[in-house]
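Colleague: Take a look at run15.tsv, TSV, C-alpha atoms:
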chain	number	residue	atom	x	y	z
A	1	MET	CA	-65.40	-26.42	121.02
A	2	GLN	CA	-62.18	-24.57	121.94
A	3	GLY	CA	-60.52	-27.90	122.55
A	4	GLN	CA	-61.59	-29.17	119.12
A	5	ASN	CA	-60.12	-26.07	117.46
A	6	ASN	CA	-56.83	-26.59	119.30
A	7	VAL	CA	-56.73	-30.20	118.15
A	8	LEU	CA	-57.39	-29.08	114.56
A	9	SER	CA	-54.59	-26.49	114.75
A	10	LEU	CA	-52.19	-29.11	116.08
A	11	HIS	CA	-53.31	-31.46	113.31
A	12	LEU	CA	-52.62	-28.79	110.68
A	13	ARG	CA	-49.13	-28.12	111.98
A	14	LYS	CA	-48.22	-31.75	111.38
A	15	PHE	CA	-48.41	-31.19	107.64
A	16	ASN	CA	-46.38	-28.87	105.47
A	17	MET	CA	-47.79	-27.59	102.20
A	18	HIS	CA	-45.96	-30.15	100.09
A	19	GLU	CA	-47.32	-33.03	102.16
A	20	LEU	CA	-50.87	-31.71	101.72
A	21	ILE	CA	-50.35	-31.40	97.97
A	22	GLU	CA	-49.05	-34.95	97.68
A	23	GLN	CA	-52.02	-36.30	99.66
A	24	PHE	CA	-54.40	-34.43	97.35
A	25	LEU	CA	-52.64	-35.68	94.19
A	26	SER	CA	-52.79	-39.23	95.49
A	27	TYR	CA	-56.52	-38.80	96.15
A	28	ILE	CA	-57.41	-37.48	92.68
A	29	SER	CA	-55.23	-40.11	91.04
A	30	ILE	CA	-56.64	-43.12	92.89
A	31	GLU	CA	-60.15	-42.08	93.92
A	32	ARG	CA	-61.11	-39.97	90.91
A	33	GLY	CA	-59.00	-41.64	88.24
A	34	MET	CA	-57.68	-38.37	86.86
A	35	ALA	CA	-55.67	-38.54	83.62
A	36	ASP	CA	-51.88	-38.37	83.90
A	37	ASN	CA	-51.64	-35.15	81.87
A	38	THR	CA	-54.16	-33.38	84.11
A	39	LEU	CA	-52.44	-34.76	87.18
A	40	SER	CA	-49.10	-33.32	86.03
A	41	SER	CA	-50.71	-29.93	85.35
A	42	TYR	CA	-52.37	-29.88	88.79
A	43	LYS	CA	-49.06	-30.74	90.42
A	44	ARG	CA	-47.30	-27.83	88.69
A	45	ASP	CA	-50.13	-25.44	89.58
A	46	LEU	CA	-50.14	-26.38	93.26
A	47	TYR	CA	-46.38	-26.26	93.68
A	48	ARG	CA	-46.34	-22.77	92.11
A	49	PHE	CA	-49.10	-21.82	94.55
A	50	ALA	CA	-47.01	-23.21	97.43
A	51	ASP	CA	-43.99	-21.16	96.30
A	52	PHE	CA	-46.21	-18.05	96.10
A	53	LEU	CA	-47.46	-18.59	99.67
A	54	LYS	CA	-43.90	-19.09	100.86
A	55	SER	CA	-42.87	-15.79	99.24
A	56	LYS	CA	-45.69	-14.11	101.20
A	57	LYS	CA	-44.44	-15.79	104.39
A	58	VAL	CA	-47.64	-17.82	104.81
A	59	ASP	CA	-46.64	-20.83	106.92
A	60	SER	CA	-50.02	-22.55	107.35
A	61	ILE	CA	-52.75	-23.50	104.91
A	62	ASP	CA	-55.46	-22.23	107.28
A	63	LYS	CA	-54.02	-18.71	106.96
A	64	VAL	CA	-54.70	-18.55	103.20
A	65	SER	CA	-57.34	-15.93	102.38
A	66	ARG	CA	-59.51	-15.43	99.28
A	67	GLN	CA	-57.60	-12.23	98.57
A	68	MET	CA	-54.35	-14.20	98.63
A	69	ILE	CA	-55.69	-16.73	96.10
A	70	ASN	CA	-56.87	-13.89	93.85
A	71	SER	CA	-53.42	-12.28	94.11
A	72	PHE	CA	-51.83	-15.56	93.04
A	73	MET	CA	-54.15	-15.80	90.02
A	74	MET	CA	-53.29	-12.24	88.99
A	75	ALA	CA	-49.58	-12.99	89.40
A	76	GLU	CA	-49.99	-16.02	87.15
A	77	LYS	CA	-51.71	-13.88	84.52
A	78	GLU	CA	-49.05	-11.16	84.74
A	79	ARG	CA	-46.21	-13.62	84.22
A	80	GLY	CA	-47.72	-14.44	80.83
A	81	LEU	CA	-49.63	-17.63	81.56
A	82	ALA	CA	-52.41	-18.37	79.07
A	83	SER	CA	-55.93	-17.54	80.25
A	84	ASN	CA	-57.16	-21.15	80.07
A	85	SER	CA	-54.15	-22.22	82.17
A	86	VAL	CA	-54.99	-19.57	84.78
A	87	SER	CA	-58.58	-20.84	84.88
A	88	ARG	CA	-57.35	-24.42	85.21
A	89	GLY	CA	-55.09	-23.32	88.07
A	90	LEU	CA	-58.05	-21.87	89.93
A	91	ALA	CA	-60.09	-25.05	89.36
A	92	CYS	CA	-57.15	-27.00	90.77
A	93	ILE	CA	-56.91	-24.80	93.89
A	94	LYS	CA	-60.68	-25.09	94.42
A	95	SER	CA	-60.49	-28.88	94.26
A	96	PHE	CA	-57.52	-28.82	96.63
A	97	PHE	CA	-59.35	-26.78	99.27
A	98	LYS	CA	-62.51	-28.86	98.90
A	99	PHE	CA	-60.40	-31.95	99.57
A	100	LEU	CA	-58.77	-30.37	102.64
A	101	LEU	CA	-62.17	-29.43	104.08
A	102	LYS	CA	-63.52	-32.94	103.41
A	103	GLU	CA	-60.53	-34.42	105.25
A	104	ASN	CA	-60.96	-31.96	108.18
A	105	MET	CA	-57.59	-30.37	107.51
A	106	ILE	CA	-59.04	-26.87	107.29
A	107	LYS	CA	-61.98	-25.19	109.06
A	108	GLU	CA	-63.21	-23.17	106.07
A	109	ASP	CA	-63.04	-23.53	102.29
A	110	THR	CA	-61.69	-20.10	101.35
A	111	ALA	CA	-61.63	-20.87	97.61
A	112	ASN	CA	-65.23	-21.99	97.14
A	113	ILE	CA	-66.82	-18.67	96.10
A	114	ILE	CA	-63.99	-17.35	93.92
A	115	GLU	CA	-65.29	-17.06	90.36
A	116	SER	CA	-63.33	-18.20	87.33
A	117	PRO	CA	-61.80	-15.28	85.42
A	118	LYS	CA	-64.22	-15.47	82.48
A	119	LEU	CA	-63.11	-12.12	81.15
A	120	TRP	CA	-59.59	-13.49	80.76
A	121	LYS	CA	-60.64	-16.34	78.50
A	122	LYS	CA	-59.36	-16.02	74.95
A	123	LEU	CA	-61.17	-17.40	71.95
A	124	PRO	CA	-59.47	-20.54	70.64
A	125	PHE	CA	-57.22	-19.99	67.64
A	126	THR	CA	-58.59	-21.53	64.45
A	127	LEU	CA	-57.64	-21.85	60.80
A	128	ASN	CA	-60.16	-21.10	58.09
A	129	VAL	CA	-61.25	-23.89	55.74
A	130	LYS	CA	-58.84	-22.87	52.98
A	131	GLU	CA	-55.89	-22.81	55.39
A	132	VAL	CA	-56.80	-26.26	56.70
A	133	GLU	CA	-56.96	-27.63	53.15
A	134	THR	CA	-53.56	-26.11	52.34
A	135	LEU	CA	-52.08	-27.62	55.51
A	136	LEU	CA	-53.53	-31.08	54.88
A	137	ASN	CA	-52.33	-31.07	51.26
A	138	ALA	CA	-48.76	-30.06	52.18
A	139	PRO	CA	-47.37	-33.60	52.73
A	140	ASN	CA	-45.99	-35.53	49.74
A	141	ILE	CA	-47.99	-38.76	50.01
A	142	ARG	CA	-45.47	-40.69	47.89
A	143	ASP	CA	-43.08	-40.45	50.84
A	144	PRO	CA	-43.94	-43.04	53.56
A	145	MET	CA	-43.28	-40.62	56.43
A	146	GLU	CA	-45.30	-37.84	54.86
A	147	ALA	CA	-48.13	-40.25	54.08
A	148	ARG	CA	-48.22	-41.01	57.81
A	149	ASP	CA	-48.18	-37.30	58.63
A	150	LYS	CA	-51.11	-36.66	56.31
A	151	ALA	CA	-53.09	-39.52	57.87
A	152	CYS	CA	-52.47	-38.07	61.35
A	153	MET	CA	-53.58	-34.57	60.39
A	154	GLU	CA	-56.57	-35.75	58.37
A	155	LEU	CA	-57.79	-37.90	61.26
A	156	MET	CA	-57.36	-35.12	63.81
A	157	TYR	CA	-59.29	-32.61	61.71
A	158	ALA	CA	-61.95	-35.21	60.87
A	159	THR	CA	-62.59	-36.13	64.51
A	160	GLY	CA	-61.42	-33.20	66.64
A	161	MET	CA	-59.57	-35.57	68.95
A	162	ARG	CA	-56.82	-34.37	71.28
A	163	VAL	CA	-53.14	-34.93	70.44
A	164	SER	CA	-52.75	-37.32	73.38
A	165	GLU	CA	-55.74	-39.32	72.09
A	166	LEU	CA	-54.32	-39.42	68.56
A	167	VAL	CA	-50.86	-40.72	69.49
A	168	ASN	CA	-52.33	-43.33	71.86
A	169	LEU	CA	-54.69	-44.85	69.28
A	170	LYS	CA	-54.37	-48.60	68.86
A	171	MET	CA	-55.10	-50.60	65.71
A	172	ASP	CA	-58.24	-51.96	67.37
A	173	ASP	CA	-59.52	-48.41	67.98
A	174	ILE	CA	-60.06	-47.72	64.27
A	175	ASN	CA	-62.87	-49.15	62.17
A	176	ILE	CA	-62.08	-47.97	58.66
A	177	GLY	CA	-64.95	-49.83	57.04
A	178	VAL	CA	-67.58	-48.04	59.15
A	179	GLY	CA	-65.54	-44.85	59.61
A	180	PHE	CA	-65.32	-44.63	63.41
A	181	ALA	CA	-62.48	-44.06	65.87
A	182	LYS	CA	-62.56	-45.01	69.55
A	183	CYS	CA	-60.89	-42.37	71.76
A	184	PHE	CA	-59.91	-42.47	75.40
A	185	GLY	CA	-60.09	-38.91	76.72
A	186	LYS	CA	-59.52	-37.26	80.08
A	187	GLY	CA	-60.11	-39.62	82.97
A	188	SER	CA	-59.89	-42.54	80.49
A	189	LYS	CA	-63.44	-41.81	79.32
A	190	GLU	CA	-64.22	-43.66	76.11
A	191	ARG	CA	-66.09	-42.10	73.20
A	192	ILE	CA	-66.74	-43.02	69.57
A	193	VAL	CA	-66.12	-40.36	66.90
A	194	PRO	CA	-66.92	-40.67	63.17
A	195	PHE	CA	-64.57	-39.70	60.35
A	196	GLY	CA	-65.15	-39.18	56.63
A	197	LYS	CA	-63.83	-40.27	53.24
A	198	LYS	CA	-60.70	-38.08	53.16
A	199	ALA	CA	-59.44	-39.40	56.49
A	200	LYS	CA	-60.33	-42.96	55.44
A	201	GLU	CA	-58.31	-42.66	52.21
A	202	SER	CA	-55.28	-41.30	54.06
A	203	LEU	CA	-55.48	-43.99	56.74
A	204	LEU	CA	-55.71	-46.79	54.16
A	205	ARG	CA	-52.70	-45.41	52.28
A	206	TYR	CA	-50.68	-45.21	55.50
A	207	LEU	CA	-51.69	-48.70	56.66
A	208	GLU	CA	-50.91	-50.29	53.28
A	209	LYS	CA	-47.73	-48.44	52.29
A	210	SER	CA	-46.09	-46.88	55.36
A	211	ARG	CA	-46.85	-48.73	58.58
A	212	PRO	CA	-45.57	-52.18	57.43
A	213	ARG	CA	-42.31	-50.51	56.37
A	214	PHE	CA	-41.91	-48.86	59.82
A	215	LEU	CA	-42.92	-52.00	61.71
A	216	LYS	CA	-40.56	-54.38	59.85
A	217	LYS	CA	-40.37	-57.54	62.02
A	218	ASN	CA	-41.44	-55.81	65.22
A	219	ILE	CA	-44.86	-56.05	66.87
A	220	SER	CA	-46.85	-53.00	67.96
A	221	ASN	CA	-50.55	-52.36	68.40
A	222	PHE	CA	-50.13	-48.57	68.21
A	223	LEU	CA	-51.66	-47.06	65.07
A	224	PHE	CA	-49.15	-44.31	64.33
A	225	LEU	CA	-45.49	-45.31	64.40
A	226	THR	CA	-42.14	-43.61	63.93
A	227	ARG	CA	-39.62	-44.65	61.29
A	228	ILE	CA	-38.15	-47.21	63.70
A	229	GLY	CA	-41.51	-48.72	64.64
A	230	LYS	CA	-42.01	-46.95	67.99
A	231	PRO	CA	-45.24	-45.18	69.07
A	232	MET	CA	-45.33	-41.54	67.99
A	233	SER	CA	-45.09	-38.95	70.78
A	234	ARG	CA	-47.00	-35.69	71.26
A	235	GLN	CA	-43.74	-33.80	70.70
A	236	THR	CA	-43.26	-35.53	67.36
A	237	PHE	CA	-46.74	-34.52	66.24
A	238	TRP	CA	-46.09	-30.94	67.37
A	239	LYS	CA	-43.04	-30.84	65.07
A	240	ILE	CA	-45.09	-32.33	62.23
A	241	ILE	CA	-47.71	-29.57	62.44
A	242	LYS	CA	-45.06	-26.86	62.63
A	243	ARG	CA	-43.26	-28.26	59.59
A	244	TYR	CA	-46.30	-28.41	57.33
A	245	ALA	CA	-47.61	-25.03	58.48
A	246	LYS	CA	-44.30	-23.61	57.31
A	247	LEU	CA	-44.44	-25.53	54.01
A	248	ALA	CA	-48.03	-24.33	53.50
A	249	LYS	CA	-46.86	-20.74	54.17
A	250	ILE	CA	-49.46	-20.21	56.88
A	251	ASN	CA	-48.23	-17.14	58.70
A	252	LYS	CA	-50.03	-17.90	61.93
A	253	LYS	CA	-49.12	-19.70	65.14
A	254	VAL	CA	-50.29	-23.21	64.24
A	255	THR	CA	-50.32	-25.88	66.97
A	256	PRO	CA	-51.73	-29.42	67.13
A	257	HIS	CA	-54.77	-28.02	68.95
A	258	SER	CA	-55.42	-25.68	65.99
A	259	LEU	CA	-56.90	-28.61	64.07
A	260	ARG	CA	-59.14	-29.57	67.02
A	261	HIS	CA	-60.33	-25.98	67.39
A	262	SER	CA	-60.87	-25.67	63.63
A	263	PHE	CA	-62.87	-28.92	63.55
A	264	ALA	CA	-65.25	-27.65	66.25
A	265	THR	CA	-65.64	-24.19	64.75
A	266	HIS	CA	-66.21	-25.35	61.18
A	267	ILE	CA	-68.89	-27.92	61.95
A	268	LEU	CA	-70.72	-25.52	64.29
A	269	GLU	CA	-70.69	-22.87	61.56
A	270	ARG	CA	-72.36	-25.40	59.28
A	271	GLY	CA	-75.19	-26.04	61.73
A	272	ALA	CA	-74.03	-28.95	63.90
A	273	ASP	CA	-75.86	-29.34	67.22
A	274	LEU	CA	-73.83	-28.09	70.21
A	275	ARG	CA	-74.54	-31.21	72.28
A	276	ILE	CA	-73.30	-33.47	69.49
A	277	VAL	CA	-70.10	-31.41	69.16
A	278	GLN	CA	-69.65	-31.64	72.94
A	279	GLU	CA	-69.88	-35.43	72.68
A	280	MET	CA	-67.40	-35.61	69.79
A	281	LEU	CA	-64.88	-33.36	71.55
A	282	GLY	CA	-65.21	-35.27	74.83
A	283	HIS	CA	-66.05	-32.19	76.91
A	284	ALA	CA	-67.49	-33.00	80.33
A	285	ASP	CA	-69.15	-29.56	80.54
A	286	ILE	CA	-71.02	-27.98	77.63
A	287	SER	CA	-69.78	-24.52	78.68
A	288	THR	CA	-66.35	-25.59	77.41
A	289	THR	CA	-67.89	-26.33	74.00
A	290	GLN	CA	-69.87	-23.08	73.95
A	291	ILE	CA	-66.70	-21.02	73.47
A	292	TYR	CA	-66.73	-22.19	69.84
A	293	THR	CA	-70.10	-20.52	69.32
A	294	HIS	CA	-68.40	-17.25	70.26
A	295	VAL	CA	-65.88	-17.87	67.48
A	296	SER	CA	-68.75	-18.27	65.03
A	297	LYS	CA	-70.46	-15.11	66.28
A	298	ASP	CA	-67.17	-13.23	66.00
A	299	ARG	CA	-66.85	-14.40	62.40
A	300	LEU	CA	-70.43	-13.34	61.62
A	301	LYS	CA	-69.73	-9.90	63.05
A	302	SER	CA	-66.61	-9.49	60.90
A	303	ILE	CA	-68.59	-10.51	57.78
A	304	HIS	CA	-71.34	-8.03	58.68
A	305	GLN	CA	-68.81	-5.23	59.11
A	306	LYS	CA	-67.11	-6.11	55.84
A	307	PHE	CA	-70.17	-6.35	53.59
A	308	HIS	CA	-72.89	-4.23	55.14
A	309	PRO	CA	-73.25	-0.84	53.39
A	310	ARG	CA	-73.43	0.95	56.75
A	311	PRO	CA	-71.15	-1.06	59.09
In structure tokens, write the structure found in this file.

Modeller:
Amino acid sequence: MQGQNNVLSLHLRKFNMHELIEQFLSYISIERGMADNTLSSYKRDLYRFADFLKSKKVDSIDKVSRQMINSFMMAEKERGLASNSVSRGLACIKSFFKFLLKENMIKEDTANIIESPKLWKKLPFTLNVKEVETLLNAPNIRDPMEARDKACMELMYATGMRVSELVNLKMDDINIGVGFAKCFGKGSKERIVPFGKKAKESLLRYLEKSRPRFLKKNISNFLFLTRIGKPMSRQTFWKIIKRYAKLAKINKKVTPHSLRHSFATHILERGADLRIVQEMLGHADISTTQIYTHVSKDRLKSIHQKFHPRP
């Protein structure tokens, strides 16, 4: 047994932290088919963790304690990182240690019993229905670019899809006649999401008046294009949302995800089944969807306090 432990220690010393991280990233990319955006986030999280360990003069992965991981998570929170990003960082570290144990690179998984910081989770920011309507009506649909912008925003609010899913939509992914969009979410998981009349009208206007003008003589299968016929980026859509929030005089921090959050909250408030909303949002775990029920409860409480004679 002692000999086996010595062999393991020698094996560990062959790898520095960065080599271990790269092996893990290669594993989750190839074996688990993790989405590129998640892969990039995991890489940032783990390299920050490696820098933290280095600052604490920890020179071997098998010397990392649970207390040290907790200290890192607190340091991440204190430097202003959003609560959901802190939670994602912990999930990343847990997956990393599970991988190292599976590959016999560590003797004990020190991260396995650390709980996610549920108390740190913030409720997702949402717009109310009136604010969403003001935002969606802000574009001037006579302008080809603004007609495109309206179609983008209408479709996002109608389906609750992610920004990355929206900008990667292909022409074949939209069935306007039936009113369905095909999305490819995290891990390239496919799902079908319905959309209504308002989104359909905006899409038809964009496809008839704007897209041919942007495309000119070029060929592209992407649904949403820039003025020069290139696929629209996430950064472009971010600027679009910011612009129309300002035009609509919405004095809140509005982001592309605000429409996704608002979609989930509004349909749950109107009685939609939680499992159906989970499916439409593309959440792997229903606990992620359940946070929107807290938003609804919070709204009910505020209404009670406002209108009850003895709040």

Colleague: Would you work out the distance separating CA of Lys182 (chain A) from CA of Leu25 (chain A), expressed in Å to one decimal?

Modeller: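 Separation between CA of Lys182 (chain A) and CA of Leu25 (chain A): 28.2 Å.
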
Colleague: Could you tell me which of A:Ser233, A:Thr134, A:Asn104, A:Ser60 comes closest to Ser164 (chain A) if we count all atoms listed in the file?

Modeller: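 Going through A:Ser233, A:Thr134, A:Asn104, A:Ser60 one by one, the smallest distance to Ser164 (chain A) is for A:Ser233.
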
Colleague: My list of candidates is A:Ser26, A:Asn175, A:Ser287, A:Asn251. Which is closest to Phe96 (chain A) when distances are computed with all atoms listed in the file?

Modeller: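 Checking each candidate against Phe96 (chain A), we get A:Ser26 as the closest.
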
Colleague: Would you work out the distance separating CA of Ile192 (chain A) from CA of Glu154 (chain A), expressed in Å to one decimal?

Modeller: 16.8 Å

Colleague: Please compute the CA of Met232 (chain A)-CA of Pro144 (chain A) distance, one decimal, in Å.

Modeller: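 If I compute the distance from CA of Met232 (chain A) to CA of Pro144 (chain A), I get 14.6 Å.
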
Colleague: Please provide the set of residues having any atom within 12 Å of Asp45 (chain A), restricted to all atoms listed in the file, with same-chain residues fewer than 4 positions apart removed, written as a ChimeraX atom specification.

Modeller: /A:21,25,38-41,49-52,72-73,76,81,85-96

Colleague: For Leu169 (chain A), which of A:Ile241, A:Leu204, A:Leu223, A:Ala284 is the closest residue, counting all atoms listed in the file?

Modeller: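 The shortest atom-to-atom distance to Leu169 (chain A) comes from A:Leu223.
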
Colleague: For a quick check of understanding, using all atoms listed in the file, which of A:Met280, A:Ala181, A:Ile176, A:Met161 has the smallest distance to Arg260 (chain A)?

Modeller: A:Met161

Colleague: Which residues come within 10 Å of Ala245 (chain A), counting only C-alpha atoms, excluding same-chain residues fewer than 6 positions away, as a VMD selection string?

Modeller: chain A and resid 131 to 132 134 to 136 138 239 251 to 255

Colleague: Given the choices A:Glu165, A:Glu146, A:Asp109, A:Glu78, which gets closest to Asn37 (chain A) if the distance is worked out from only C-alpha atoms?

Modeller: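 Once distances to Asn37 (chain A) are computed over only C-alpha atoms, the minimum belongs to A:Glu165.
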
Colleague: Leaving out Thr110 (chain A) and any residue of its chain fewer than 6 positions from it, which residues lie within 10 Å of it when counting only C-alpha atoms, given as JSON, numbers by chain?

Modeller: {"A": [62, 63, 64, 65, 66, 67, 68, 69, 94, 97, 98, 101]}

Colleague: With a distance cut-off of 10 Å and all atoms listed in the file, select the neighbouring residues of Asn168 (chain A), excluding the residue or stretch itself and same-chain residues fewer than 5 positions from it, and output the selection as a list in words.

Modeller: Val163, Asp173, Cys183, Phe184, Asn221, Phe222, Leu223, Phe224, Pro231, Met232, Ser233 and Arg234 of chain A

Colleague: When you count all atoms listed in the file, which of these residues is closest to Asp59 (chain A): A:Ile30, A:Leu259, A:Met17, A:Leu203?

Modeller: A:Met17

Colleague: How would you write as number ranges by chain the residues that get within 8 Å of (-40.8, -45.0, 62.3) in the file's frame, counting only C-alpha atoms?

Modeller: A: 145, 214-215, 225-230
